[in-house]
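Source file: target25.cif (mmCIF, C-alpha atoms, pLDDT in the B column; chains and numbers go by the auth columns)
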```cif
data_input
#
loop_
_atom_site.group_PDB
_atom_site.id
_atom_site.type_symbol
_atom_site.label_atom_id
_atom_site.label_comp_id
_atom_site.label_asym_id
_atom_site.label_seq_id
_atom_site.Cartn_x
_atom_site.Cartn_y
_atom_site.Cartn_z
_atom_site.B_iso_or_equiv
_atom_site.auth_seq_id
_atom_site.auth_asym_id
ATOM 1 C CA MET A 1 0.000 0.000 0.000 63.00 1 A
ATOM 2 C CA ASN A 2 1.312 3.421 -0.938 88.00 2 A
ATOM 3 C CA HIS A 3 1.264 5.580 2.183 92.00 3 A
ATOM 4 C CA THR A 4 1.638 8.771 0.200 92.00 4 A
ATOM 5 C CA ARG A 5 -1.457 7.971 -1.881 92.00 5 A
ATOM 6 C CA ILE A 6 -3.448 7.046 1.236 93.00 6 A
ATOM 7 C CA ALA A 7 -2.436 10.326 2.878 93.00 7 A
ATOM 8 C CA ALA A 8 -3.359 12.274 -0.267 92.00 8 A
ATOM 9 C CA GLU A 9 -6.802 10.686 -0.482 92.00 9 A
ATOM 10 C CA ALA A 10 -7.402 11.243 3.234 91.00 10 A
ATOM 11 C CA ILE A 11 -6.479 14.904 2.772 89.00 11 A
ATOM 12 C CA ARG A 12 -8.726 15.130 -0.309 86.00 12 A
ATOM 13 C CA PHE A 13 -11.596 13.698 1.773 88.00 13 A
ATOM 14 C CA ARG A 14 -10.961 16.104 4.658 87.00 14 A
ATOM 15 C CA ILE A 15 -10.868 19.102 2.347 83.00 15 A
ATOM 16 C CA SER A 16 -14.221 18.021 0.937 81.00 16 A
ATOM 17 C CA THR A 17 -15.720 18.373 4.420 78.00 17 A
ATOM 18 C CA ILE A 18 -14.715 22.053 4.642 76.00 18 A
ATOM 19 C CA ARG A 19 -17.140 24.529 3.192 65.00 19 A
ATOM 20 C CA ARG A 20 -16.107 26.338 0.049 59.00 20 A
ATOM 21 C CA PRO A 21 -14.727 28.926 -0.700 58.00 21 A
ATOM 22 C CA LEU A 22 -12.393 28.536 2.272 54.00 22 A
ATOM 23 C CA VAL A 23 -10.581 25.667 0.602 57.00 23 A
ATOM 24 C CA SER A 24 -11.158 23.151 -2.165 54.00 24 A
ATOM 25 C CA ASN A 25 -9.349 20.301 -3.887 59.00 25 A
ATOM 26 C CA GLU A 26 -8.746 22.675 -6.777 66.00 26 A
ATOM 27 C CA THR A 27 -6.814 25.173 -4.632 66.00 27 A
ATOM 28 C CA VAL A 28 -4.763 22.679 -2.610 76.00 28 A
ATOM 29 C CA ASP A 29 -2.125 20.351 -4.006 83.00 29 A
ATOM 30 C CA VAL A 30 -3.191 17.197 -2.170 85.00 30 A
ATOM 31 C CA GLU A 31 -0.467 15.110 -3.816 89.00 31 A
ATOM 32 C CA THR A 32 2.262 17.349 -2.400 89.00 32 A
ATOM 33 C CA MET A 33 0.505 17.458 0.955 89.00 33 A
ATOM 34 C CA GLY A 34 0.363 13.649 0.989 92.00 34 A
ATOM 35 C CA ILE A 35 4.092 13.459 0.371 92.00 35 A
ATOM 36 C CA SER A 36 4.730 16.103 3.043 92.00 36 A
ATOM 37 C CA ALA A 37 2.624 14.218 5.570 93.00 37 A
ATOM 38 C CA VAL A 38 4.394 10.913 4.998 93.00 38 A
ATOM 39 C CA LEU A 39 7.820 12.561 5.114 92.00 39 A
ATOM 40 C CA SER A 40 6.903 14.522 8.230 90.00 40 A
ATOM 41 C CA PRO A 41 8.911 13.666 11.344 89.00 41 A
ATOM 42 C CA ASP A 42 5.642 13.410 13.299 91.00 42 A
ATOM 43 C CA PRO A 43 5.344 9.766 14.448 92.00 43 A
ATOM 44 C CA ARG A 44 1.593 10.173 14.805 95.00 44 A
ATOM 45 C CA VAL A 45 1.240 10.149 10.991 95.00 45 A
ATOM 46 C CA ALA A 46 2.233 6.478 10.755 94.00 46 A
ATOM 47 C CA GLN A 47 -0.218 5.621 13.522 96.00 47 A
ATOM 48 C CA ALA A 48 -2.979 7.629 11.812 96.00 48 A
ATOM 49 C CA LEU A 49 -2.367 5.795 8.533 96.00 49 A
ATOM 50 C CA ARG A 50 -2.596 2.461 10.379 96.00 50 A
ATOM 51 C CA VAL A 51 -5.880 3.521 11.997 96.00 51 A
ATOM 52 C CA LEU A 52 -7.333 4.488 8.620 95.00 52 A
ATOM 53 C CA ALA A 53 -6.160 1.285 6.945 95.00 53 A
ATOM 54 C CA ALA A 54 -7.570 -0.849 9.769 96.00 54 A
ATOM 55 C CA ALA A 55 -10.934 0.936 9.615 95.00 55 A
ATOM 56 C CA TRP A 56 -10.987 0.564 5.838 96.00 56 A
ATOM 57 C CA SER A 57 -10.307 -3.151 6.109 96.00 57 A
ATOM 58 C CA GLN A 58 -12.829 -3.671 8.917 96.00 58 A
ATOM 59 C CA ALA A 59 -15.489 -1.968 6.811 95.00 59 A
ATOM 60 C CA GLY A 60 -14.849 -4.529 4.072 96.00 60 A
ATOM 61 C CA PHE A 61 -13.770 -1.970 1.488 96.00 61 A
ATOM 62 C CA ASP A 62 -11.479 -3.011 -1.362 95.00 62 A
ATOM 63 C CA PRO A 63 -7.913 -2.075 -0.313 93.00 63 A
ATOM 64 C CA GLU A 64 -7.142 -0.826 -3.827 93.00 64 A
ATOM 65 C CA ASP A 65 -9.849 1.834 -3.492 94.00 65 A
ATOM 66 C CA MET A 66 -8.048 3.454 -0.573 94.00 66 A
ATOM 67 C CA VAL A 67 -5.530 5.065 -2.917 93.00 67 A
ATOM 68 C CA LYS A 68 -8.164 6.460 -5.291 93.00 68 A
ATOM 69 C CA PRO A 69 -10.657 9.269 -4.694 90.00 69 A
ATOM 70 C CA TRP A 70 -13.030 7.871 -2.091 92.00 70 A
ATOM 71 C CA LYS A 71 -16.538 6.918 -3.186 92.00 71 A
ATOM 72 C CA ASP A 72 -19.741 7.941 -1.434 90.00 72 A
ATOM 73 C CA GLU A 73 -19.868 4.806 0.745 92.00 73 A
ATOM 74 C CA HIS A 74 -16.299 5.435 1.926 93.00 74 A
ATOM 75 C CA VAL A 75 -17.051 9.079 2.661 90.00 75 A
ATOM 76 C CA GLU A 76 -20.188 8.219 4.627 90.00 76 A
ATOM 77 C CA HIS A 77 -18.336 5.597 6.667 91.00 77 A
ATOM 78 C CA PHE A 78 -15.563 8.019 7.616 89.00 78 A
ATOM 79 C CA LYS A 79 -17.841 11.030 8.216 86.00 79 A
ATOM 80 C CA GLY A 80 -19.694 9.148 10.927 83.00 80 A
ATOM 81 C CA ARG A 81 -16.572 8.172 12.874 92.00 81 A
ATOM 82 C CA PRO A 82 -14.929 11.017 14.863 93.00 82 A
ATOM 83 C CA GLU A 83 -11.854 8.907 15.662 94.00 83 A
ATOM 84 C CA LEU A 84 -11.205 8.534 11.939 94.00 84 A
ATOM 85 C CA ILE A 85 -11.632 12.264 11.354 93.00 85 A
ATOM 86 C CA ASP A 86 -9.140 12.826 14.174 95.00 86 A
ATOM 87 C CA ALA A 87 -6.659 10.471 12.484 95.00 87 A
ATOM 88 C CA ILE A 88 -7.100 12.314 9.194 94.00 88 A
ATOM 89 C CA ASP A 89 -6.594 15.631 10.973 94.00 89 A
ATOM 90 C CA VAL A 90 -3.238 14.349 12.262 95.00 90 A
ATOM 91 C CA ILE A 91 -2.233 13.762 8.639 94.00 91 A
ATOM 92 C CA VAL A 92 -3.500 17.180 7.542 92.00 92 A
ATOM 93 C CA ARG A 93 -1.696 18.966 10.404 92.00 93 A
ATOM 94 C CA ALA A 94 1.570 17.167 9.653 93.00 94 A
ATOM 95 C CA ALA A 95 1.300 18.048 5.967 90.00 95 A
ATOM 96 C CA SER A 96 0.442 21.659 6.748 85.00 96 A
ATOM 97 C CA GLY A 97 3.304 21.964 9.197 80.00 97 A
ATOM 98 C CA ALA A 98 5.782 20.420 6.802 70.00 98 A
ATOM 99 C CA THR A 99 4.748 22.613 3.872 65.00 99 A
ATOM 100 C CA ALA A 100 4.766 25.741 6.045 60.00 100 A
ATOM 101 C CA ALA A 101 8.296 24.950 7.228 58.00 101 A
ATOM 102 C CA ALA A 102 9.579 24.406 3.677 58.00 102 A
#
```

Let's see the structure in the file written out as structure tokens.
Amino acid sequence: MNHTRIAAEAIRFRISTIRRPLVSNETVDVETMGISAVLSPDPRVAQALRVLAAAWSQAGFDPEDMVKPWKDEHVEHFKGRPELIDAIDVIVRAASGATAAA
């Protein structure tokens, strides 16, 4: 599994939950943010990725779909789980911190 792609799709999902025009997938480079998150020195990113992957697997979703834009059923599953949103926020914060420091 490509951690960078998982991080990018998690970030893409999280951005979709924020009301426009504050931010959108068109104004944020989620691929670069995914790379920044995975390369971040924050050890919580690896744990967050494990939490997301475990939840994905437990939900019975196809593992290959985790590295593609998430479908409606994936979005609904994650939206209803605050602990998963928290894990995604760890990834977003790490990416934001890493890109701000660059």

- Task: Using atom CA of A:Ala59 and atom CA of A:Ser40 as the two end points, give the distance in Å to one decimal.
- Result: 27.8 Å

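Within 10 Å of A:Ile35, once all atoms listed in the file are used and residues closer than 6 positions along the same chain are dropped, the contacting residues are His3, Thr4, Arg5, Ile6, Ala7, Ala8, Ala95, Ala98 and Thr99 of chain A.
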
Residues as selected, C-alpha atoms, written as a compact mmCIF listing (two decimals), keeping the file's coordinate frame, can you do that?
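The resulting file, result.txt, is reproduced below:
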```txt
# COMPACT_ATOMS: atom_id res chain seq x y z
CA HIS A 3 1.26 5.58 2.18
CA THR A 4 1.64 8.77 0.20
CA ARG A 5 -1.46 7.97 -1.88
CA ILE A 6 -3.45 7.05 1.24
CA ALA A 7 -2.44 10.33 2.88
CA ALA A 8 -3.36 12.27 -0.27
CA ALA A 95 1.30 18.05 5.97
CA ALA A 98 5.78 20.42 6.80
CA THR A 99 4.75 22.61 3.87
```

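Residues matching the PyMOL selection byres ((chain A and resi 87) around 9) in this structure come to A:Arg44, A:Val45, A:Gln47, A:Ala48, A:Leu49, A:Val51, A:Leu52, A:Pro82, A:Glu83, A:Leu84, A:Ile85, A:Asp86, A:Ile88, A:Asp89, A:Val90, A:Ile91, A:Val92.
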
- Message: Suppose a student applies the PyMOL selection byres ((chain A and resi 30) around 7) to this structure; what residues should they get, written as a count of residues only?
- Response: 9

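If you measure from each of A:Lys68, A:Asp42, A:Ile18, A:Phe78 to A:Trp56 using all atoms listed in the file, the closest one turns out to be A:Phe78.
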
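In this comparison, which uses all atoms listed in the file, the residue of A:Ala54, A:Asn2, A:Ala10, A:Thr17 approaching A:Pro69 most closely is A:Ala10.
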
- Query: Out of A:Ala46, A:Lys79, A:Pro41, A:Phe61, which residue has the shortest atom-to-atom distance to A:Arg14 when counting all atoms listed in the file?
  - Reply: A:Lys79

Could you model N, CA and C atoms for stretch 54-69 of chain A and present them as a PDB file, keeping the file's coordinate frame?
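What follows is the written file result.pdb:
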```pdb
ATOM      1  N   ALA A  54      -6.827   0.155   8.996  1.00 96.00           N
ATOM      2  CA  ALA A  54      -7.570  -0.849   9.769  1.00 96.00           C
ATOM      3  C   ALA A  54      -9.071  -0.625   9.646  1.00 96.00           C
ATOM      4  N   ALA A  55      -9.501   0.629   9.736  1.00 95.00           N
ATOM      5  CA  ALA A  55     -10.934   0.936   9.615  1.00 95.00           C
ATOM      6  C   ALA A  55     -11.438   0.590   8.225  1.00 95.00           C
ATOM      7  N   TRP A  56     -10.632   0.870   7.224  1.00 96.00           N
ATOM      8  CA  TRP A  56     -10.987   0.564   5.838  1.00 96.00           C
ATOM      9  C   TRP A  56     -11.194  -0.938   5.682  1.00 96.00           C
ATOM     10  N   SER A  57     -10.242  -1.692   6.195  1.00 96.00           N
ATOM     11  CA  SER A  57     -10.307  -3.151   6.109  1.00 96.00           C
ATOM     12  C   SER A  57     -11.502  -3.707   6.880  1.00 96.00           C
ATOM     13  N   GLN A  58     -11.719  -3.206   8.086  1.00 96.00           N
ATOM     14  CA  GLN A  58     -12.829  -3.671   8.917  1.00 96.00           C
ATOM     15  C   GLN A  58     -14.178  -3.377   8.276  1.00 96.00           C
ATOM     16  N   ALA A  59     -14.236  -2.317   7.496  1.00 95.00           N
ATOM     17  CA  ALA A  59     -15.489  -1.968   6.811  1.00 95.00           C
ATOM     18  C   ALA A  59     -15.728  -2.865   5.597  1.00 95.00           C
ATOM     19  N   GLY A  60     -14.706  -3.638   5.210  1.00 96.00           N
ATOM     20  CA  GLY A  60     -14.849  -4.529   4.072  1.00 96.00           C
ATOM     21  C   GLY A  60     -14.629  -3.861   2.728  1.00 96.00           C
ATOM     22  N   PHE A  61     -14.041  -2.675   2.734  1.00 96.00           N
ATOM     23  CA  PHE A  61     -13.770  -1.970   1.488  1.00 96.00           C
ATOM     24  C   PHE A  61     -12.580  -2.603   0.772  1.00 96.00           C
ATOM     25  N   ASP A  62     -12.585  -2.514  -0.549  1.00 95.00           N
ATOM     26  CA  ASP A  62     -11.479  -3.011  -1.362  1.00 95.00           C
ATOM     27  C   ASP A  62     -10.228  -2.179  -1.059  1.00 95.00           C
ATOM     28  N   PRO A  63      -9.135  -2.822  -0.650  1.00 93.00           N
ATOM     29  CA  PRO A  63      -7.913  -2.075  -0.313  1.00 93.00           C
ATOM     30  C   PRO A  63      -7.403  -1.198  -1.451  1.00 93.00           C
ATOM     31  N   GLU A  64      -7.608  -1.617  -2.682  1.00 93.00           N
ATOM     32  CA  GLU A  64      -7.142  -0.826  -3.827  1.00 93.00           C
ATOM     33  C   GLU A  64      -7.868   0.511  -3.934  1.00 93.00           C
ATOM     34  N   ASP A  65      -9.080   0.593  -3.418  1.00 94.00           N
ATOM     35  CA  ASP A  65      -9.849   1.834  -3.492  1.00 94.00           C
ATOM     36  C   ASP A  65      -9.355   2.889  -2.515  1.00 94.00           C
ATOM     37  N   MET A  66      -8.519   2.504  -1.570  1.00 94.00           N
ATOM     38  CA  MET A  66      -8.048   3.454  -0.573  1.00 94.00           C
ATOM     39  C   MET A  66      -7.100   4.491  -1.172  1.00 94.00           C
ATOM     40  N   VAL A  67      -6.491   4.161  -2.287  1.00 93.00           N
ATOM     41  CA  VAL A  67      -5.530   5.065  -2.917  1.00 93.00           C
ATOM     42  C   VAL A  67      -6.110   5.791  -4.128  1.00 93.00           C
ATOM     43  N   LYS A  68      -7.433   5.747  -4.236  1.00 93.00           N
ATOM     44  CA  LYS A  68      -8.164   6.460  -5.291  1.00 93.00           C
ATOM     45  C   LYS A  68      -9.124   7.415  -4.601  1.00 93.00           C
ATOM     46  N   PRO A  69      -9.646   8.408  -5.332  1.00 90.00           N
ATOM     47  CA  PRO A  69     -10.657   9.269  -4.694  1.00 90.00           C
ATOM     48  C   PRO A  69     -11.771   8.416  -4.083  1.00 90.00           C
TER      49      PRO A  69
END
```
